[in-house]
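Visitor: Provided herewith is a single structure, encoded as structure tokens, for subsequent inquiry.
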Amino acid sequence: MLRSRMIEVVVCLGMILATALPALAQGRRGGFDLGIELPDEQRFAVFASIRNAGDNREELIKALKETPEAQRAAMVFLIANMPERDATTLSAAFLLDHVKYAYKAREESPWGKTIPEEIFLNYVLPYANINEKRDPWREEFYEAFMPIALESKSMAETAVRLNTDAFDMYNVKYHATQRPKPDQSPKETIEAGFASCTGLSVMLIDACRAVGIPARFVGTPRWTSVPGNHSWVEVWDGQWRFIGACEAGKLDQTWFYERAAQADPDALMHRIYAASFEDTGMWFPLIWDLKIRYVNAVDVTPFYTHRKTVKLSTPAGETNGGAWVTVRHRGKIVAHVPWTSEVELTLAGGESYTATVTDAAGQAVAEKSFAVAAEGDGAVVALR
């Protein structure tokens with residue numbers, strides 16, 4: 001009896017392998033006979049999305065095939081990281097349009113070439129932030145807001161202008177109860193004329209992304225000091241800066257910062273999260289629907305509770321023309337700025353980092369790991 005059962009198990013395993021191995025081999029070749037090469041680290045994720053797409057499978061394959069080769073890494077990134085709800089519904093035309101206009105903004109904006117590829121893919125390219133409706137917005141927002149970007153001197157200045165001009169242009173205002181729902185897409189917000197902090201944040205992020213500015217959705221499910229939740233925006237200006245959507249003012253100067261500084265890193269619902277399109281292994285607790293687990297997140301709590309000024313320096317007299325310094329935290333870029341004899345950044349205390357200096361040719365000329373104390377005023381780090 002036991003021997004018979006073991007034979008049945010072996011036969012079943014053989015049948016499973018006979019079915020699975022050709023499919024896996026097909027995935028290694030690029031997936032479903034695409035006829036294109038896929039990066040090893042993303043091949044199986046792309047293959048899984050195509051498999052999970054069901055009747056929409058051909059749309060994803062078409063999107064991959066029709067993407068220009070120079071932009072294919074972007075389409076691969078989107079398909080490899082998209083939630084299953086998108087794999088089963090998004091058309092090739094929708095995806096191709098987003099990739100096309102993301103690169104168009106990158107090429108035409110003054111700062112496009114300074115944005116690291118990692119930041120571009122995760123925070124400029126994506127068509128969505130959280131669980132909002134997947135409406136096409138990129139072409140319209142590009143046409144509406146690129147003139148503002150071209151008139152501005154920096155990503156920071158453009159983001160601050162968009163935070164008033166974009167909402168004025170579409171006659172959108174904040175209202176906690178007149179908005180139809182919290183998680184509105186830009187189209188839904190424009191049609192309603194009202195949005196909560198969540199809908200306003202989504203719209204500002206998409207306005208920034210449309211002109212090549214990396215931006216991401218940030219928030220806390222619950223404040224620790226008062227009842228309620230809140231959502232806001234971080235924009236990239238060589239490092240992450242925060243701003244309240246549809247609130248006039250400068251970056252990093254908001255009414256909610258003192259509340260954010262009291263966040264509790266040990267409590268799931270009291271942390272501060274930044275949404276990520278790329279899979280991070282962590283989910284963003286969306287207070288309006290806690291059953292949703294497909295919105296990826298990065299825990300950025302210490303960047304609010306222990307903000308520290310850190311100065312990176314080199315000995316006087318060193319020439320650094322055309323060089324850049326890149327700082328990573330837990331493997332991800334948190335700063336990428338032109339290198340001078342002293343660079344001032346805002347980082348999280350109680351955390352460790354790696355700083356790399358690259359010359360004008362892109363070659364690494366210095367690298368140093370360092371830690372920033374949780375207490376005290378900040379730090380000065382010599383990279384040479």
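By convention in this document, the chains of the structure tokens carry letters A, B, ... by their order, each chain's residues are numbered from 1, and ligands are numbered from 1 in the order they are shown.
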Go through range 39-260 of chain A and collect every residue that DSSP, computed from the backbone, puts in strand (DSSP E); the answer should be as a ChimeraX atom specification.

Guide: /A:173-174,194-195,215-220,230-236,240-243

Visitor: Only C-alpha atoms, please: the residues just picked out, written as a PDB file, in the first residue's frame.

Guide:
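Result saved to out_0.pdb:
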```pdb
ATOM      1  CA  LYS A 173     -10.460  72.364  -3.502  1.00  0.00           C
ATOM      2  CA  TYR A 174     -10.097  70.454  -0.264  1.00  0.00           C
ATOM      3  CA  PHE A 194     -13.332  68.404  -4.203  1.00  0.00           C
ATOM      4  CA  ALA A 195     -10.939  65.915  -2.651  1.00  0.00           C
ATOM      5  CA  ALA A 215       7.085  62.180  -6.283  1.00  0.00           C
ATOM      6  CA  ARG A 216       5.488  59.688  -3.918  1.00  0.00           C
ATOM      7  CA  PHE A 217       2.442  59.247  -1.686  1.00  0.00           C
ATOM      8  CA  VAL A 218       3.178  59.429   2.052  1.00  0.00           C
ATOM      9  CA  GLY A 219       1.004  59.177   5.111  1.00  0.00           C
ATOM     10  CA  THR A 220       0.133  57.663   8.445  1.00  0.00           C
ATOM     11  CA  HIS A 230      -3.324  62.052   7.052  1.00  0.00           C
ATOM     12  CA  SER A 231      -1.785  61.840   3.597  1.00  0.00           C
ATOM     13  CA  TRP A 232       0.794  64.102   1.985  1.00  0.00           C
ATOM     14  CA  VAL A 233       3.455  64.188  -0.733  1.00  0.00           C
ATOM     15  CA  GLU A 234       7.210  63.828  -0.923  1.00  0.00           C
ATOM     16  CA  VAL A 235       8.942  65.302  -3.961  1.00  0.00           C
ATOM     17  CA  TRP A 236      12.497  64.717  -5.083  1.00  0.00           C
ATOM     18  CA  TRP A 240      13.090  63.670  -0.492  1.00  0.00           C
ATOM     19  CA  ARG A 241      11.217  66.802   0.662  1.00  0.00           C
ATOM     20  CA  PHE A 242       7.661  66.898   2.031  1.00  0.00           C
ATOM     21  CA  ILE A 243       4.688  69.142   1.293  1.00  0.00           C
TER      22      ILE A 243
END
```

Visitor: Find the residues around range 130-145 of chain A up to 10 Å (only C-alpha atoms counted), leave out those fewer than 2 positions away in its own chain, and share them as a ChimeraX atom specification.

Guide: /A:83,85-86,89-90,94-95,97-102,104-105,125,127-128,147-150,158,161-162,165-166,169,182-188,198-199,202-203,206-212,216-217,275-277,284,286,289,292-297

Visitor: Do a neighbour search on Asp299 in chain A at 8 Å with only C-alpha atoms, toss out local chain neighbours closer than 3 positions, and write the hits as a list in words.

Guide: Arg271, Ile272, Tyr273 and Ala274 of chain A

Visitor: Taking only C-alpha atoms into account, which of A:Ala323, A:Ala360, A:Ala260, A:Ile190 comes nearest Pro338 in chain A?

Guide: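 Result for the nearest residue to Pro338 in chain A: A:Ala323.
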
Visitor: Excluding Ile50 in chain A and residues on its chain fewer than 2 positions from it, collect all residues at most 10 Å away from it, counting only C-alpha atoms, and give them as a PyMOL selection string.

Guide: chain A and resi 31-32+44-48+52-61+79-80+84+87-88

Visitor: Output the selection as an mmCIF file, in the first residue's frame - N, CA, C and O atoms for each residue.

Guide:
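The resulting part.cif:
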```cif
data_model
loop_
_atom_site.group_PDB
_atom_site.id
_atom_site.type_symbol
_atom_site.label_atom_id
_atom_site.label_comp_id
_atom_site.auth_asym_id
_atom_site.auth_seq_id
_atom_site.Cartn_x
_atom_site.Cartn_y
_atom_site.Cartn_z
ATOM 1 N N GLY A 31 9.596 34.719 -21.866
ATOM 2 C CA GLY A 31 8.207 34.556 -21.508
ATOM 3 C C GLY A 31 7.279 34.535 -22.696
ATOM 4 O O GLY A 31 7.203 35.481 -23.454
ATOM 5 N N PHE A 32 6.576 33.445 -22.893
ATOM 6 C CA PHE A 32 5.558 33.340 -23.918
ATOM 7 C C PHE A 32 6.088 33.710 -25.306
ATOM 8 O O PHE A 32 5.422 34.378 -26.088
ATOM 9 N N PHE A 44 11.198 36.384 -14.158
ATOM 10 C CA PHE A 44 10.139 35.564 -13.599
ATOM 11 C C PHE A 44 8.979 36.409 -13.095
ATOM 12 O O PHE A 44 7.826 35.960 -13.116
ATOM 13 N N ALA A 45 9.252 37.629 -12.654
ATOM 14 C CA ALA A 45 8.163 38.518 -12.228
ATOM 15 C C ALA A 45 7.315 38.928 -13.426
ATOM 16 O O ALA A 45 6.083 38.996 -13.333
ATOM 17 N N VAL A 46 7.948 39.211 -14.558
ATOM 18 C CA VAL A 46 7.213 39.531 -15.779
ATOM 19 C C VAL A 46 6.395 38.323 -16.214
ATOM 20 O O VAL A 46 5.209 38.435 -16.562
ATOM 21 N N PHE A 47 7.013 37.167 -16.190
ATOM 22 C CA PHE A 47 6.343 35.923 -16.568
ATOM 23 C C PHE A 47 5.124 35.679 -15.683
ATOM 24 O O PHE A 47 4.045 35.284 -16.163
ATOM 25 N N ALA A 48 5.254 35.954 -14.385
ATOM 26 C CA ALA A 48 4.140 35.750 -13.455
ATOM 27 C C ALA A 48 2.998 36.707 -13.756
ATOM 28 O O ALA A 48 1.821 36.322 -13.713
ATOM 29 N N ASN A 52 -0.713 35.667 -14.826
ATOM 30 C CA ASN A 52 -1.857 36.063 -14.014
ATOM 31 C C ASN A 52 -2.838 36.962 -14.756
ATOM 32 O O ASN A 52 -3.940 37.218 -14.253
ATOM 33 N N ALA A 53 -2.441 37.449 -15.929
ATOM 34 C CA ALA A 53 -3.283 38.398 -16.663
ATOM 35 C C ALA A 53 -4.520 37.745 -17.265
ATOM 36 O O ALA A 53 -5.469 38.441 -17.640
ATOM 37 N N GLY A 54 -4.530 36.438 -17.389
ATOM 38 C CA GLY A 54 -5.700 35.748 -17.933
ATOM 39 C C GLY A 54 -6.012 36.198 -19.349
ATOM 40 O O GLY A 54 -5.158 36.186 -20.228
ATOM 41 N N ASP A 55 -7.246 36.642 -19.569
ATOM 42 C CA ASP A 55 -7.677 37.061 -20.900
ATOM 43 C C ASP A 55 -6.979 38.330 -21.371
ATOM 44 O O ASP A 55 -7.051 38.674 -22.556
ATOM 45 N N ASN A 56 -6.318 39.025 -20.455
ATOM 46 C CA ASN A 56 -5.608 40.257 -20.815
ATOM 47 C C ASN A 56 -4.139 40.010 -21.158
ATOM 48 O O ASN A 56 -3.373 40.951 -21.378
ATOM 49 N N ARG A 57 -3.758 38.754 -21.232
ATOM 50 C CA ARG A 57 -2.359 38.380 -21.441
ATOM 51 C C ARG A 57 -1.764 39.021 -22.685
ATOM 52 O O ARG A 57 -0.647 39.542 -22.674
ATOM 53 N N GLU A 58 -2.503 39.011 -23.780
ATOM 54 C CA GLU A 58 -1.976 39.530 -25.041
ATOM 55 C C GLU A 58 -1.706 41.026 -24.972
ATOM 56 O O GLU A 58 -0.848 41.528 -25.690
ATOM 57 N N GLU A 59 -2.443 41.741 -24.127
ATOM 58 C CA GLU A 59 -2.209 43.185 -23.995
ATOM 59 C C GLU A 59 -0.836 43.454 -23.375
ATOM 60 O O GLU A 59 -0.112 44.363 -23.801
ATOM 61 N N LEU A 60 -0.463 42.670 -22.359
ATOM 62 C CA LEU A 60 0.847 42.858 -21.734
ATOM 63 C C LEU A 60 1.961 42.470 -22.700
ATOM 64 O O LEU A 60 2.998 43.157 -22.780
ATOM 65 N N ILE A 61 1.761 41.394 -23.423
ATOM 66 C CA ILE A 61 2.763 40.966 -24.409
ATOM 67 C C ILE A 61 2.914 42.021 -25.498
ATOM 68 O O ILE A 61 4.032 42.366 -25.904
ATOM 69 N N ILE A 79 5.453 46.020 -15.666
ATOM 70 C CA ILE A 79 4.777 44.727 -15.711
ATOM 71 C C ILE A 79 5.273 43.797 -14.603
ATOM 72 O O ILE A 79 4.492 43.055 -14.009
ATOM 73 N N ALA A 80 6.550 43.868 -14.297
ATOM 74 C CA ALA A 80 7.103 43.014 -13.239
ATOM 75 C C ALA A 80 6.533 43.354 -11.872
ATOM 76 O O ALA A 80 6.403 42.480 -11.010
ATOM 77 N N GLU A 84 -1.954 42.364 -9.481
ATOM 78 C CA GLU A 84 -2.726 41.500 -10.369
ATOM 79 C C GLU A 84 -3.950 42.214 -10.934
ATOM 80 O O GLU A 84 -4.351 41.967 -12.067
ATOM 81 N N ALA A 87 -2.719 43.780 -14.035
ATOM 82 C CA ALA A 87 -2.330 42.809 -15.064
ATOM 83 C C ALA A 87 -3.547 42.300 -15.827
ATOM 84 O O ALA A 87 -3.466 42.016 -17.025
ATOM 85 N N THR A 88 -4.663 42.204 -15.164
ATOM 86 C CA THR A 88 -5.869 41.651 -15.795
ATOM 87 C C THR A 88 -6.712 42.693 -16.507
ATOM 88 O O THR A 88 -7.668 42.333 -17.205
#
```

Visitor: Expressed in Å to a single decimal, how great is the separation between CA of Glu157 in chain A and CA of Pro214 in chain A?

Guide: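 Value for the CA of Glu157 in chain A-CA of Pro214 in chain A distance: 13.4 Å.
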
Visitor: Show which residues sit within 7 Å of Met155 in chain A, as a list in words. Count only C-alpha atoms, and ignore same-chain residues fewer than 3 positions away.

Guide: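 Residues meeting the cut-off are Thr158, Ala159, Ile213 and Asp237 of chain A.
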
Visitor: Using only N, CA and C atoms, please write the residues we just selected to a file, as a PDB file, in the first residue's frame.

Guide:
```
ATOM      1  N   THR A 158       9.297  74.073  -9.095  1.00  0.00           N
ATOM      2  CA  THR A 158       8.180  73.601  -9.915  1.00  0.00           C
ATOM      3  C   THR A 158       7.126  72.925  -9.055  1.00  0.00           C
ATOM      4  N   ALA A 159       7.544  72.070  -8.130  1.00  0.00           N
ATOM      5  CA  ALA A 159       6.593  71.365  -7.266  1.00  0.00           C
ATOM      6  C   ALA A 159       5.780  72.343  -6.436  1.00  0.00           C
ATOM      7  N   ILE A 213       9.257  65.069 -12.446  1.00  0.00           N
ATOM      8  CA  ILE A 213       9.692  65.217 -11.061  1.00  0.00           C
ATOM      9  C   ILE A 213       9.294  63.967 -10.277  1.00  0.00           C
ATOM     10  N   ASP A 237      14.144  66.463  -4.884  1.00  0.00           N
ATOM     11  CA  ASP A 237      14.968  67.585  -5.341  1.00  0.00           C
ATOM     12  C   ASP A 237      16.423  67.256  -5.023  1.00  0.00           C
TER      13      ASP A 237
END
```

Visitor: Pick the closest to Ser341 in chain A from A:Ser313, A:Thr67, A:Thr224, A:Gln239: which is it, counting only C-alpha atoms?

Guide: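 Going through A:Ser313, A:Thr67, A:Thr224, A:Gln239 one by one, the smallest distance to Ser341 in chain A is for A:Ser313.
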
Visitor: Sorted by chain and rising residue number, which residues of range 221-331 of chain A lie within 12 Å of range 343-353 of chain A, and what are their closest atom pairs and distances in Å to one decimal, counting only C-alpha atoms, as CSV?

Guide:
```
residue,atom,partner,partner_atom,distance
A:Asp237,CA,A:Leu345,CA,11.2
A:Gly238,CA,A:Leu345,CA,9.3
A:Gln239,CA,A:Leu345,CA,7.7
A:Trp240,CA,A:Thr346,CA,8.7
A:Arg241,CA,A:Thr346,CA,9.1
A:Phe242,CA,A:Thr346,CA,11.7
A:Asp252,CA,A:Thr346,CA,10.5
A:Ala261,CA,A:Ala348,CA,11.5
A:Asp299,CA,A:Ala348,CA,11.7
A:Val300,CA,A:Ala348,CA,8.8
A:Thr301,CA,A:Ala348,CA,8.7
A:Pro302,CA,A:Ala348,CA,5.3
A:Phe303,CA,A:Ala348,CA,4.5
A:Tyr304,CA,A:Ala348,CA,7.4
A:Thr305,CA,A:Ala348,CA,7.9
A:His306,CA,A:Gly349,CA,5.1
A:Arg307,CA,A:Ala348,CA,4.9
A:Lys308,CA,A:Leu347,CA,5.4
A:Thr309,CA,A:Thr346,CA,4.7
A:Val310,CA,A:Leu345,CA,5.2
A:Lys311,CA,A:Glu344,CA,4.5
A:Leu312,CA,A:Val343,CA,5.1
A:Ser313,CA,A:Val343,CA,6.5
A:Thr314,CA,A:Val343,CA,9.3
A:Asn320,CA,A:Val343,CA,11.5
A:Ala323,CA,A:Val343,CA,11.9
A:Trp324,CA,A:Val343,CA,10.1
A:Val325,CA,A:Val343,CA,8.5
A:Thr326,CA,A:Tyr353,CA,10.2
A:Val327,CA,A:Tyr353,CA,6.6
A:Arg328,CA,A:Tyr353,CA,5.6
A:His329,CA,A:Tyr353,CA,4.9
A:Arg330,CA,A:Tyr353,CA,7.3
A:Gly331,CA,A:Tyr353,CA,8.5
```

Visitor: So that I can check the surroundings of Gln178 in chain A, please list as a ChimeraX atom specification every protein, DNA and RNA residue that reaches within 12 Å of it, counting only C-alpha atoms and ignoring chain neighbours fewer than 6 positions away.

Guide: /A:172,189,192-196

Visitor: Since we have the selection now, will you write its residues out, keeping N, CA and C atoms, as a PDB file, in the first residue's frame?

Guide:
```pdb
ATOM      1  N   VAL A 172     -10.057  72.787  -8.238  1.00  0.00           N
ATOM      2  CA  VAL A 172     -10.177  71.725  -7.243  1.00  0.00           C
ATOM      3  C   VAL A 172      -9.857  72.284  -5.861  1.00  0.00           C
ATOM      4  N   THR A 189     -11.254  63.455  -9.059  1.00  0.00           N
ATOM      5  CA  THR A 189     -11.122  64.682  -8.281  1.00  0.00           C
ATOM      6  C   THR A 189     -11.531  65.900  -9.101  1.00  0.00           C
ATOM      7  N   ALA A 192     -15.296  65.983  -9.530  1.00  0.00           N
ATOM      8  CA  ALA A 192     -16.002  66.319  -8.293  1.00  0.00           C
ATOM      9  C   ALA A 192     -15.755  67.758  -7.864  1.00  0.00           C
ATOM     10  N   GLY A 193     -14.543  68.261  -8.154  1.00  0.00           N
ATOM     11  CA  GLY A 193     -14.184  69.599  -7.710  1.00  0.00           C
ATOM     12  C   GLY A 193     -13.691  69.638  -6.280  1.00  0.00           C
ATOM     13  N   PHE A 194     -13.774  68.505  -5.589  1.00  0.00           N
ATOM     14  CA  PHE A 194     -13.332  68.404  -4.203  1.00  0.00           C
ATOM     15  C   PHE A 194     -12.563  67.100  -4.000  1.00  0.00           C
ATOM     16  N   ALA A 195     -11.668  67.124  -3.021  1.00  0.00           N
ATOM     17  CA  ALA A 195     -10.939  65.915  -2.651  1.00  0.00           C
ATOM     18  C   ALA A 195     -10.448  66.052  -1.226  1.00  0.00           C
ATOM     19  N   SER A 196     -10.245  64.925  -0.588  1.00  0.00           N
ATOM     20  CA  SER A 196      -9.611  64.925   0.728  1.00  0.00           C
ATOM     21  C   SER A 196      -8.102  65.012   0.534  1.00  0.00           C
TER      22      SER A 196
END
```
